[in-house]
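What's in run-v7.txt: compact mmCIF, C-alpha atoms
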```txt
# COMPACT_ATOMS: atom_id res chain seq x y z
CA MET O 3 -26.76 -20.18 -28.43
CA ALA O 4 -25.26 -17.12 -26.73
CA ASP O 5 -21.53 -16.90 -26.18
CA PRO O 6 -20.32 -17.68 -22.64
CA SER O 7 -19.79 -14.69 -20.36
CA ASN O 8 -16.16 -15.69 -19.91
CA THR O 9 -13.56 -18.08 -21.29
CA PHE O 10 -9.99 -19.12 -20.54
CA SER O 11 -7.11 -17.50 -22.44
CA ALA O 12 -4.96 -20.24 -20.85
CA VAL O 13 -6.97 -23.35 -19.92
CA PRO O 14 -6.47 -24.89 -16.47
CA TYR O 15 -3.55 -27.31 -16.06
CA LEU O 16 -1.80 -28.87 -13.06
CA THR O 17 1.47 -27.25 -11.99
CA SER O 18 2.27 -29.91 -9.37
CA PRO O 19 1.58 -33.63 -9.10
CA LEU O 20 -1.84 -34.63 -7.82
CA THR O 21 -1.28 -36.26 -4.45
CA GLU O 22 -3.52 -37.46 -1.66
CA SER O 23 -3.12 -33.99 -0.13
CA GLY O 24 -4.00 -31.90 -3.18
CA LEU O 25 -2.42 -30.02 -6.08
CA THR O 26 -1.78 -26.64 -7.69
CA VAL O 27 -3.66 -25.58 -10.80
CA SER O 28 -2.88 -22.71 -13.18
CA PHE O 29 -5.13 -20.80 -15.60
CA GLU O 30 -5.79 -17.38 -17.10
CA LEU O 31 -9.07 -15.62 -17.95
CA ARG O 32 -9.90 -13.82 -21.16
CA HIS O 33 -12.18 -11.32 -19.41
CA PRO O 34 -12.45 -10.10 -15.82
CA GLY O 35 -14.83 -12.16 -13.76
CA TYR O 36 -15.21 -14.77 -11.03
CA VAL O 37 -13.83 -18.30 -10.67
CA TRP O 38 -14.78 -21.41 -8.69
CA ALA O 39 -12.74 -24.63 -8.32
CA MET O 40 -13.12 -28.02 -6.61
CA ILE O 41 -12.12 -31.70 -6.90
CA VAL O 42 -14.48 -34.62 -7.50
CA PRO O 43 -13.96 -38.35 -8.19
CA ARG O 44 -13.40 -39.06 -11.87
CA GLU O 45 -16.54 -41.20 -12.13
CA ALA O 46 -18.70 -38.31 -10.87
CA ALA O 47 -17.20 -35.62 -13.10
CA ASP O 48 -19.46 -36.15 -16.12
CA GLY O 49 -22.55 -35.24 -14.14
CA VAL O 50 -21.13 -32.05 -12.56
CA THR O 51 -22.82 -28.85 -13.76
CA ARG O 52 -21.70 -25.24 -13.60
CA ALA O 53 -24.20 -24.64 -10.81
CA ASP O 54 -22.71 -27.58 -8.85
CA VAL O 55 -19.26 -25.99 -8.97
CA GLN O 56 -20.69 -22.65 -7.85
CA THR O 57 -22.27 -24.31 -4.80
CA SER O 58 -19.40 -26.80 -4.20
CA THR O 59 -21.86 -29.68 -4.52
CA GLY O 60 -19.94 -32.97 -4.34
CA ALA O 61 -16.59 -31.28 -3.56
CA LEU O 62 -14.02 -33.40 -1.74
CA GLY O 63 -11.82 -32.44 1.17
CA SER O 64 -11.80 -29.49 3.52
CA SER O 65 -12.57 -25.85 2.77
CA LEU O 66 -8.92 -25.46 1.70
CA CYS O 67 -9.61 -27.85 -1.18
CA ARG O 68 -12.02 -25.53 -3.00
CA TYR O 69 -12.40 -21.92 -4.15
CA SER O 70 -15.64 -19.99 -4.38
CA ASN O 71 -16.53 -16.76 -6.18
CA VAL O 72 -12.96 -15.38 -6.41
CA SER O 73 -12.56 -12.16 -8.39
CA VAL O 74 -9.92 -12.51 -11.12
CA ALA O 75 -8.63 -9.92 -13.61
CA ALA O 76 -8.27 -10.59 -17.32
CA PHE O 77 -4.98 -12.07 -18.53
CA ASP O 78 -3.66 -12.28 -14.97
CA PRO O 79 -1.94 -15.68 -14.53
CA GLN O 80 -3.39 -17.60 -11.59
CA ILE O 81 -1.81 -20.51 -9.73
CA TRP O 82 -4.14 -21.86 -7.07
CA VAL O 83 -3.35 -24.29 -4.26
CA LEU O 84 -5.93 -26.93 -3.30
CA SER O 85 -4.85 -28.73 -0.12
CA GLY O 86 -6.38 -30.87 2.60
CA CYS O 87 -8.24 -32.78 -0.10
CA LEU O 88 -8.03 -36.23 1.62
CA LEU O 89 -7.77 -38.17 -1.64
CA ASP O 90 -7.11 -41.90 -2.06
CA CYS O 91 -3.83 -42.91 -3.65
CA PHE O 92 -3.94 -44.46 -7.12
CA ARG O 93 -7.49 -43.27 -7.72
CA SER O 94 -8.42 -40.86 -10.52
CA TYR O 95 -9.87 -37.44 -9.76
CA THR O 96 -11.04 -34.44 -11.75
CA VAL O 97 -10.37 -30.80 -10.98
CA MET O 98 -13.37 -28.69 -12.01
CA VAL O 99 -12.71 -24.99 -12.72
CA TYR O 100 -15.59 -22.69 -13.63
CA ALA O 101 -15.18 -19.11 -14.90
CA SER O 102 -17.98 -16.55 -15.17
CA GLY O 103 -18.16 -12.96 -16.29
CA ILE O 104 -18.50 -9.97 -13.97
CA GLY O 105 -22.09 -10.91 -13.17
CA GLY O 106 -21.02 -14.20 -11.63
CA HIS O 107 -23.83 -16.07 -13.40
CA ALA O 108 -24.11 -19.64 -14.67
CA ASP O 109 -23.33 -18.73 -18.29
CA GLY O 110 -19.55 -19.07 -18.16
CA THR O 111 -17.08 -21.83 -19.07
CA LEU O 112 -16.50 -25.07 -17.14
CA PHE O 113 -13.18 -26.88 -17.63
CA ALA O 114 -12.07 -30.24 -16.23
CA VAL O 115 -8.54 -31.59 -15.60
CA GLU O 116 -8.13 -35.29 -14.80
CA ASP O 117 -5.25 -37.03 -13.03
CA GLU O 118 -4.48 -39.95 -10.74
CA ALA O 119 -3.56 -39.23 -7.15
CA GLY O 120 -0.23 -40.51 -5.92
CA PRO O 121 1.07 -40.76 -2.38
CA ALA O 122 2.39 -37.55 -0.85
CA SER O 123 5.86 -37.85 0.64
CA ASN O 124 4.74 -35.55 3.46
CA ALA O 125 1.54 -33.85 4.62
CA PHE O 126 0.15 -31.74 7.45
CA VAL O 127 -1.29 -33.25 10.60
CA ALA O 128 -1.90 -29.68 11.82
CA TYR O 129 -1.88 -26.89 9.26
CA PRO O 130 0.33 -23.80 9.71
CA THR O 131 -1.08 -21.24 12.14
CA ILE O 132 0.22 -17.75 12.88
CA VAL O 133 0.95 -17.46 16.60
CA GLY O 134 0.71 -14.14 18.41
CA VAL O 135 0.75 -10.70 16.83
CA VAL O 136 2.16 -9.97 13.39
CA THR O 137 4.56 -7.02 13.62
CA GLY O 138 6.38 -5.06 10.96
CA ASP O 139 9.40 -7.32 11.52
CA GLY O 140 7.67 -10.69 11.24
CA PHE O 141 5.73 -13.37 13.13
CA ALA O 142 5.83 -16.91 14.50
CA ILE O 143 4.09 -19.95 12.99
CA GLU O 144 3.33 -23.46 14.19
CA PHE O 145 2.48 -26.65 12.27
CA VAL O 146 2.82 -30.42 12.52
CA PRO O 147 4.07 -32.47 9.53
CA SER O 148 3.11 -36.11 9.19
CA GLU O 149 6.62 -37.32 8.31
CA ASP O 150 10.25 -36.38 8.79
CA GLY O 151 11.42 -34.19 5.94
CA TYR O 152 11.84 -30.57 4.93
CA ALA O 153 9.76 -27.40 4.87
CA TRP O 154 9.81 -24.34 2.65
CA MET O 155 8.09 -21.08 3.58
CA ALA O 156 7.64 -17.70 1.94
CA VAL O 157 5.43 -14.62 2.31
CA THR O 158 4.00 -12.68 -0.61
CA THR O 159 1.76 -9.68 -1.08
CA GLY O 160 -0.88 -9.13 -3.75
CA ALA O 161 -1.95 -11.73 -6.28
CA SER O 162 1.09 -13.98 -6.42
CA GLY O 163 1.36 -17.04 -8.60
CA LEU O 164 2.47 -20.06 -6.62
CA THR O 165 4.35 -23.13 -7.79
CA ILE O 166 6.43 -25.61 -5.83
CA PRO O 167 9.67 -24.53 -7.60
CA ALA O 168 8.84 -20.91 -6.72
CA VAL O 169 8.46 -21.60 -3.02
CA LYS O 170 11.56 -23.80 -3.08
CA GLY O 171 13.61 -20.86 -4.32
CA ALA O 172 13.29 -20.77 -8.11
CA TYR O 173 11.41 -17.45 -8.13
CA ASP O 174 9.68 -16.50 -11.35
CA GLN O 175 8.08 -13.31 -12.65
CA TYR O 176 4.77 -14.06 -10.94
CA PHE O 177 6.16 -14.82 -7.47
CA GLN O 178 8.18 -12.40 -5.36
CA ALA O 179 8.77 -13.19 -1.70
CA VAL O 180 8.88 -10.19 0.64
CA GLY O 181 11.55 -9.37 3.20
CA ALA O 182 15.05 -10.62 3.86
CA ASP O 183 16.21 -14.24 3.70
CA SER O 184 15.23 -14.59 7.35
CA CYS O 185 11.59 -14.02 6.31
CA SER O 186 11.54 -17.34 4.44
CA ALA O 187 12.68 -20.92 4.99
CA LEU O 188 14.34 -23.08 2.35
CA GLY O 189 14.62 -26.78 3.08
CA LEU O 190 14.17 -26.44 6.86
CA PRO O 191 14.43 -29.90 8.52
CA VAL O 192 11.18 -30.96 10.24
CA THR O 193 10.22 -33.92 12.43
CA GLY O 194 7.06 -35.90 11.75
CA GLY O 195 4.32 -35.78 14.36
CA VAL O 196 6.08 -33.05 16.34
CA LEU O 197 4.93 -29.43 16.69
CA GLN O 198 7.25 -27.21 14.67
CA GLU O 199 7.75 -23.59 15.79
CA VAL O 200 9.34 -21.22 13.28
CA ASN O 201 10.03 -17.50 13.64
CA LEU O 202 10.20 -15.44 10.45
CA SER O 203 11.86 -12.02 10.83
CA GLY O 204 13.23 -9.22 8.69
CA CYS O 205 9.98 -9.22 6.71
CA ALA O 206 9.62 -5.40 6.53
CA PHE O 207 5.82 -5.65 6.56
CA ASN O 208 3.81 -2.48 6.00
CA SER O 209 0.38 -1.75 7.37
CA GLY O 210 -2.31 -1.81 4.69
CA PRO O 211 -1.31 -4.51 2.17
CA GLU O 212 -2.62 -8.05 2.46
CA TYR O 213 0.03 -10.77 2.83
CA LYS O 214 -0.09 -14.51 2.24
CA LEU O 215 1.96 -17.22 3.93
CA HIS O 216 2.91 -20.23 1.80
CA VAL O 217 4.22 -23.42 3.41
CA TYR O 218 5.26 -26.59 1.56
CA VAL O 219 6.57 -29.83 3.06
CA GLU O 220 8.26 -32.88 1.52
CA GLY O 221 9.41 -36.17 2.98
CA LEU O 222 13.00 -37.34 3.24
CA ASP O 223 12.42 -39.61 0.26
CA GLY O 224 10.37 -37.11 -1.72
CA VAL O 225 10.88 -37.04 -5.48
CA GLY O 226 9.41 -34.75 -8.14
CA ASN O 227 7.78 -32.20 -5.81
CA ASP O 228 5.41 -34.77 -4.37
CA GLY O 229 4.89 -33.13 -0.98
CA SER O 230 1.98 -31.05 0.29
CA PHE O 231 1.08 -27.38 0.23
CA ALA O 232 -0.70 -25.61 3.04
CA GLY O 233 -3.48 -23.53 1.58
CA SER O 234 -2.97 -19.76 1.64
CA HIS O 235 -6.63 -18.81 1.26
CA ALA O 236 -6.70 -16.46 4.28
CA PRO O 237 -4.55 -13.36 3.81
CA PHE O 238 -3.36 -11.43 6.85
CA GLU O 239 -2.58 -7.79 7.53
CA VAL O 240 -0.17 -6.02 9.84
CA LYS O 241 -1.73 -3.94 12.59
CA PRO O 242 -0.33 -0.39 12.29
CA SER O 243 2.23 0.42 14.97
CA ASN O 244 0.68 3.87 15.37
CA SER O 245 -2.51 5.65 14.37
CA PHE O 246 -4.05 9.11 14.25
CA ALA O 247 -5.97 10.34 17.30
CA VAL O 248 -6.73 13.51 15.33
CA TYR O 249 -6.60 13.23 11.56
CA PRO O 250 -4.46 15.82 9.69
CA VAL O 251 -6.32 19.03 8.87
CA ILE O 252 -5.09 22.38 7.57
CA THR O 253 -5.78 25.04 10.21
CA SER O 254 -4.29 28.20 8.69
CA ALA O 255 -4.91 30.31 5.63
CA VAL O 256 -2.87 28.96 2.74
CA THR O 257 -0.39 31.48 1.38
CA GLY O 258 2.32 31.36 -1.23
CA LEU O 259 4.75 30.71 1.61
CA GLY O 260 3.03 27.72 3.14
CA LEU O 261 0.45 26.55 5.64
CA THR O 262 -0.10 25.01 9.07
CA CYS O 263 -1.57 21.59 9.70
CA ARG O 264 -2.84 19.94 12.87
CA PHE O 265 -2.90 16.26 13.86
CA ALA O 266 -2.31 13.94 16.81
CA ALA O 267 -0.99 10.38 17.23
CA TRP O 268 -1.94 7.85 19.87
CA LEU O 269 1.59 6.57 20.52
CA GLN O 270 5.11 7.90 20.71
CA GLY O 271 7.19 7.57 17.57
CA TYR O 272 8.06 9.65 14.52
CA PHE O 273 6.33 11.38 11.63
CA TRP O 274 7.16 12.44 8.08
CA SER O 275 5.19 14.87 5.91
CA VAL O 276 5.35 16.36 2.42
CA LEU O 277 3.36 18.77 0.25
CA GLN O 278 2.97 17.61 -3.36
CA GLU O 279 1.47 19.05 -6.52
CA ASP O 280 -1.58 17.31 -7.90
CA SER O 281 0.43 16.22 -10.96
CA ALA O 282 2.87 14.18 -8.83
CA GLU O 283 2.47 10.44 -8.33
CA ALA O 284 0.26 9.39 -5.44
CA ALA O 285 2.10 9.43 -2.13
CA THR O 286 3.23 6.20 -0.48
CA PHE O 287 4.94 5.79 2.87
CA THR O 288 8.27 5.33 1.05
CA SER O 289 7.84 8.46 -1.07
CA VAL O 290 6.84 10.49 2.00
CA LYS O 291 9.84 9.20 3.94
CA SER O 292 12.21 10.06 1.09
CA ALA O 293 10.44 13.36 0.32
CA ALA O 294 10.03 12.30 -3.32
CA ASN O 295 8.19 14.92 -5.40
CA ALA O 296 8.02 17.20 -2.35
CA ARG O 297 7.15 20.84 -2.96
CA GLY O 298 9.39 23.68 -1.74
CA GLY O 299 12.50 23.64 0.42
CA LEU O 300 13.44 21.84 3.62
CA ASP O 301 11.08 24.01 5.69
CA CYS O 302 8.16 22.67 3.62
CA ARG O 303 8.58 19.04 4.69
CA ARG O 304 9.21 17.01 7.83
CA SER O 305 11.49 14.00 8.24
CA ARG O 306 11.53 11.67 11.27
CA GLU O 307 10.36 14.25 13.74
CA PRO O 308 9.35 12.92 17.18
CA LEU O 309 5.79 12.18 18.18
CA LEU O 310 4.84 12.30 21.84
CA GLY O 311 1.55 10.43 21.54
CA ASN O 312 -0.90 9.94 24.40
CA GLY O 313 -2.91 12.99 23.37
CA THR O 314 0.07 15.26 23.95
CA VAL O 315 0.47 18.32 21.80
CA GLN O 316 3.76 19.14 20.17
CA GLU O 317 4.26 22.41 18.45
CA VAL O 318 7.05 23.32 16.11
CA ALA O 319 7.49 27.02 16.86
CA CYS O 320 7.90 29.36 13.91
CA GLU O 321 9.62 32.72 14.13
CA ALA O 322 9.63 35.55 11.61
CA LYS O 323 12.69 36.69 9.73
CA SER O 324 12.61 40.48 9.31
CA THR O 325 12.44 41.43 5.66
CA PRO O 326 11.14 44.51 3.83
CA SER O 327 7.38 44.52 3.54
CA LEU O 328 6.09 43.82 0.05
CA ARG O 329 2.40 44.05 0.96
CA GLY O 330 1.78 47.78 1.34
CA PRO O 331 0.57 49.91 4.25
CA GLY O 332 -0.62 47.98 7.29
CA SER O 333 0.82 44.66 6.14
CA SER O 334 3.03 42.49 8.31
CA ALA O 335 6.75 42.60 7.79
CA ASP O 336 6.82 38.81 8.04
CA ALA O 337 7.47 37.87 4.43
CA ARG O 338 8.93 34.48 5.34
CA GLN O 339 8.73 32.12 8.27
CA SER O 340 11.25 29.57 9.47
CA CYS O 341 10.58 26.76 11.92
CA ARG O 342 13.08 26.33 14.74
CA ALA O 343 13.50 23.20 16.80
CA GLY O 344 11.17 24.06 19.66
CA VAL O 345 8.72 21.65 21.28
CA ARG O 346 5.94 22.75 23.63
CA TRP O 347 4.46 20.20 26.02
CA ASP O 348 0.83 20.66 26.93
CA ARG O 349 -1.23 17.65 27.92
CA ALA O 350 -4.38 19.76 28.00
CA GLN O 351 -4.29 19.78 24.21
CA ALA O 352 -4.79 16.82 21.87
CA ALA O 353 -3.12 17.76 18.61
CA ARG O 354 0.09 19.00 17.08
CA GLN O 355 0.43 22.19 15.03
CA VAL O 356 3.12 21.98 12.33
CA ASN O 357 4.07 24.91 10.13
CA PHE O 358 5.29 24.39 6.56
CA SER O 359 7.03 27.43 5.07
CA ASN O 360 9.06 28.37 1.98
CA CYS O 361 6.76 26.10 -0.03
CA SER O 362 6.53 28.32 -3.14
CA ILE O 363 2.84 27.55 -3.57
CA ILE O 364 1.50 28.75 -6.90
CA PRO O 365 -2.03 30.21 -6.94
CA ASP O 366 -4.91 28.24 -8.41
CA ARG O 367 -3.10 24.88 -8.36
CA LEU O 368 -4.19 21.84 -6.36
CA TYR O 369 -1.77 20.46 -3.75
CA HIS O 370 -1.86 17.41 -1.46
CA LEU O 371 -0.47 17.25 2.07
CA SER O 372 0.44 13.73 3.31
CA VAL O 373 1.50 12.70 6.82
CA TYR O 374 3.01 9.31 7.74
CA ILE O 375 3.36 8.20 11.39
CA GLU O 376 4.83 5.10 13.03
CA ASP O 377 6.16 3.98 16.41
CA SER O 378 9.81 4.11 17.50
CA ASN O 379 10.83 0.69 16.15
CA GLY O 380 11.40 1.77 12.55
CA ASN O 381 9.66 -1.20 10.93
CA ASN O 382 7.74 0.84 8.34
CA ASP O 383 4.50 -0.46 9.82
CA GLY O 384 2.80 2.84 10.55
CA VAL O 385 -0.06 4.53 8.75
CA LEU O 386 -0.17 7.08 5.93
CA SER O 387 -2.91 9.68 5.97
CA LEU O 388 -5.17 10.19 3.02
CA PRO O 389 -4.04 13.25 1.07
CA VAL O 390 -5.35 16.53 2.46
CA ASP O 391 -6.23 18.72 -0.52
CA THR O 392 -5.52 22.43 -0.55
CA ARG O 393 -5.35 25.30 -3.02
CA LEU O 394 -4.14 28.92 -2.93
CA ASP O 395 -6.83 31.10 -4.48
CA PHE O 396 -6.10 34.36 -6.28
CA SER O 397 -6.94 37.42 -4.18
CA ASN O 398 -6.40 39.62 -7.26
CA ALA O 399 -4.71 39.40 -10.64
CA TYR O 400 -3.21 41.63 -13.29
CA GLN O 401 -5.21 42.31 -16.43
CA GLY O 402 -2.34 44.34 -17.85
CA ALA O 403 1.33 44.12 -16.90
CA PRO O 404 2.76 46.98 -14.79
CA ARG O 405 4.60 49.63 -16.84
CA VAL O 406 6.47 52.88 -16.29
CA ALA O 407 4.18 55.71 -17.47
CA GLY O 408 6.68 58.58 -17.34
CA ALA O 409 9.50 60.22 -15.45
CA PRO O 410 8.88 59.96 -11.72
CA ARG O 411 8.37 63.15 -9.72
CA GLY O 412 8.76 62.76 -6.00
CA PRO O 413 8.41 59.60 -3.89
CA VAL O 414 7.05 56.60 -5.76
CA ARG O 415 3.90 55.19 -4.15
CA GLY O 416 2.45 53.14 -6.95
CA VAL O 417 2.88 51.94 -10.52
CA PRO O 418 0.09 52.44 -13.07
CA GLY O 419 -1.54 49.27 -14.26
CA SER O 420 -4.94 47.63 -14.65
CA PHE O 421 -6.28 44.96 -12.30
CA ALA O 422 -9.07 42.42 -12.24
CA GLY O 423 -10.33 43.47 -8.81
CA ARG O 424 -10.62 46.73 -6.90
CA GLU O 425 -7.88 46.12 -4.34
CA ARG O 426 -4.72 48.22 -4.10
CA SER O 427 -1.31 47.02 -5.24
CA TRP O 428 2.21 48.05 -4.34
CA ALA O 429 5.36 47.61 -6.36
CA PRO O 430 8.30 45.87 -4.67
CA ALA O 431 10.57 48.17 -2.68
CA LEU O 432 13.40 47.35 -5.05
CA LEU O 433 11.42 48.75 -7.98
CA ALA O 434 10.49 51.84 -5.94
CA HIS O 435 14.14 52.43 -5.17
CA ALA O 436 15.09 52.04 -8.84
CA LEU O 437 12.55 54.70 -9.84
CA ARG O 438 13.49 57.19 -7.10
CA PRO O 439 14.23 60.68 -8.58
CA THR O 440 17.93 61.24 -9.17
CA GLU O 441 19.77 64.41 -8.41
CA GLY O 442 18.83 67.19 -10.83
CA THR O 443 15.47 65.66 -11.77
CA LYS O 444 12.50 67.95 -11.48
```
Rendering of file as structure tokens:
Amino acid sequence: MADPSNTFSAVPYLTSPLTESGLTVSFELRHPGYVWAMIVPREAADGVTRADVQTSTGALGSSLCRYSNVSVAAFDPQIWVLSGCLLDCFRSYTVMVYASGIGGHADGTLFAVEDEAGPASNAFVAYPTIVGVVTGDGFAIEFVPSEDGYAWMAVTTGASGLTIPAVKGAYDQYFQAVGADSCSALGLPVTGGVLQEVNLSGCAFNSGPEYKLHVYVEGLDGVGNDGSFAGSHAPFEVKPSNSFAVYPVITSAVTGLGLTCRFAAWLQGYFWSVLQEDSAEAATFTSVKSAANARGGLDCRRSREPLLGNGTVQEVACEAKSTPSLRGPGSSADARQSCRAGVRWDRAQAARQVNFSNCSIIPDRLYHLSVYIEDSNGNNDGVLSLPVDTRLDFSNAYQGAPRVAGAPRGPVRGVPGSFAGRERSWAPALLAHALRPTEGTK
């Protein structure tokens, strides 16, 4: 007989009492794969097959009382909530958990956990619902408990393990609530049969990640964590407070000094931008805001600069600083550029041109330009662009290092050397001055 496509490195076990409302179950897989879970009466458990669990055949309760085809990583501790199960008190039930390999086939491992359901000290007449729009600061929720008692709430991101002690405040290594204390509720008094309205704020939500709301209620006479969980099967996201009307694109030739990029935002607000080497860690909105791993000086990054939005162009004007030309006959004397605080309004345009200078870009290396935009509220709920890749190519290169070939006679116009291409080269003016004929030299 072939080995199963997956097994449990930690077999399923209950992490909360089985009540008429449901339970929490914990497990861990030995290999990456997919998992299904449901509850059946104890007397029906012996006849349940792996295929039955995959199709939820015979499952009790609502859709919150089962899981189907959930992707799970190897050795990643899972704590699942099954709620709304509508079980009978003092009757025995079996939790069926089936784990398959990556293929999701019926050749995995089925495990059963049996327990007797006890009365829940509190439950949900109406399950928690998010009301209105989720912002970067928080949101409002409504629910109706069946009894007078207390409620605990927390928001997590990512794959968070969930136990009753964790939600009640005893956080462990697998559960980290997001935001400030005002983004959770610990032992909030609730009234049975009455609509409860709760505002959670200070959550510091970001656009992009998926978040989960966890709500647990107990009765006034609750003992031993015998309340009810609201299922957190449906993650939610925060709508970005701003977005790109024109995605960032590099519009100038890339030089050792820097580059110019172009983009536009739909709404007013602020933007941040950095240029990073390919070897740096991938940019996040926090690293862009703090200019972590940013290339070059202050002129090669932007921090909280205003966005006009509404298809309005803003242009950071750049002016040249006069310096000796290092590029030979016919070259511009603009060896460096510096951006001054000038903004041009032009509603006929739809994008912003931003110059990045003094970047010290090294030829033949890959760089990434990242732009983060948000509205004016400062809730870190904007959007970060994908990295815009760029590279400074060699226009020519030395095959042999420049060298002094003899005593100079007359004005110095070049230094002997050998080059990879056929273009001309000029020595820096400082070197030309150092080699100028001194008095008495012939």
Polymer residues at most 9 Å from Val83 of chain O, all atoms listed in the file, same-chain spacing of 2 or more positions, as an MDAnalysis selection string: chainID O and resid 24:27 66:68 81 85 164:165 231:235
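Restricting the calculation to all atoms listed in the file, the smallest distance between Val50 of chain O and any of O:Leu394, O:Val219, O:Ala168, O:Met98 is found for O:Met98.
Rounded to one decimal, atom CA of Phe145 of chain O and atom CA of Pro130 of chain O lie 4.4 Å from each other.
Of the residues listed (O:Thr286, O:Ser23, O:Ser254, O:Thr59), O:Ser23 shows the shortest atom-to-atom separation from Asp90 of chain O; distances use all atoms listed in the file.
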Using only C-alpha atoms, which residues sit within 6 Å of Phe358 of chain O once same-chain residues fewer than 4 positions away are excluded, as a ChimeraX atom specification? /O:260-262,301-302
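Around the point (10.5, -21.3, -1.5), within 10 Å and counting all atoms listed in the file, we find these residues: Ala153, Trp154, Met155, Ala156, Val157, Leu164, Thr165, Ile166, Pro167, Ala168, Val169, Lys170, Gly171, Ala172, Tyr173, Phe177, Gln178, Ala179, Ser186, Ala187, Leu188, Gly189, His216, Val217 and Tyr218 of chain O.
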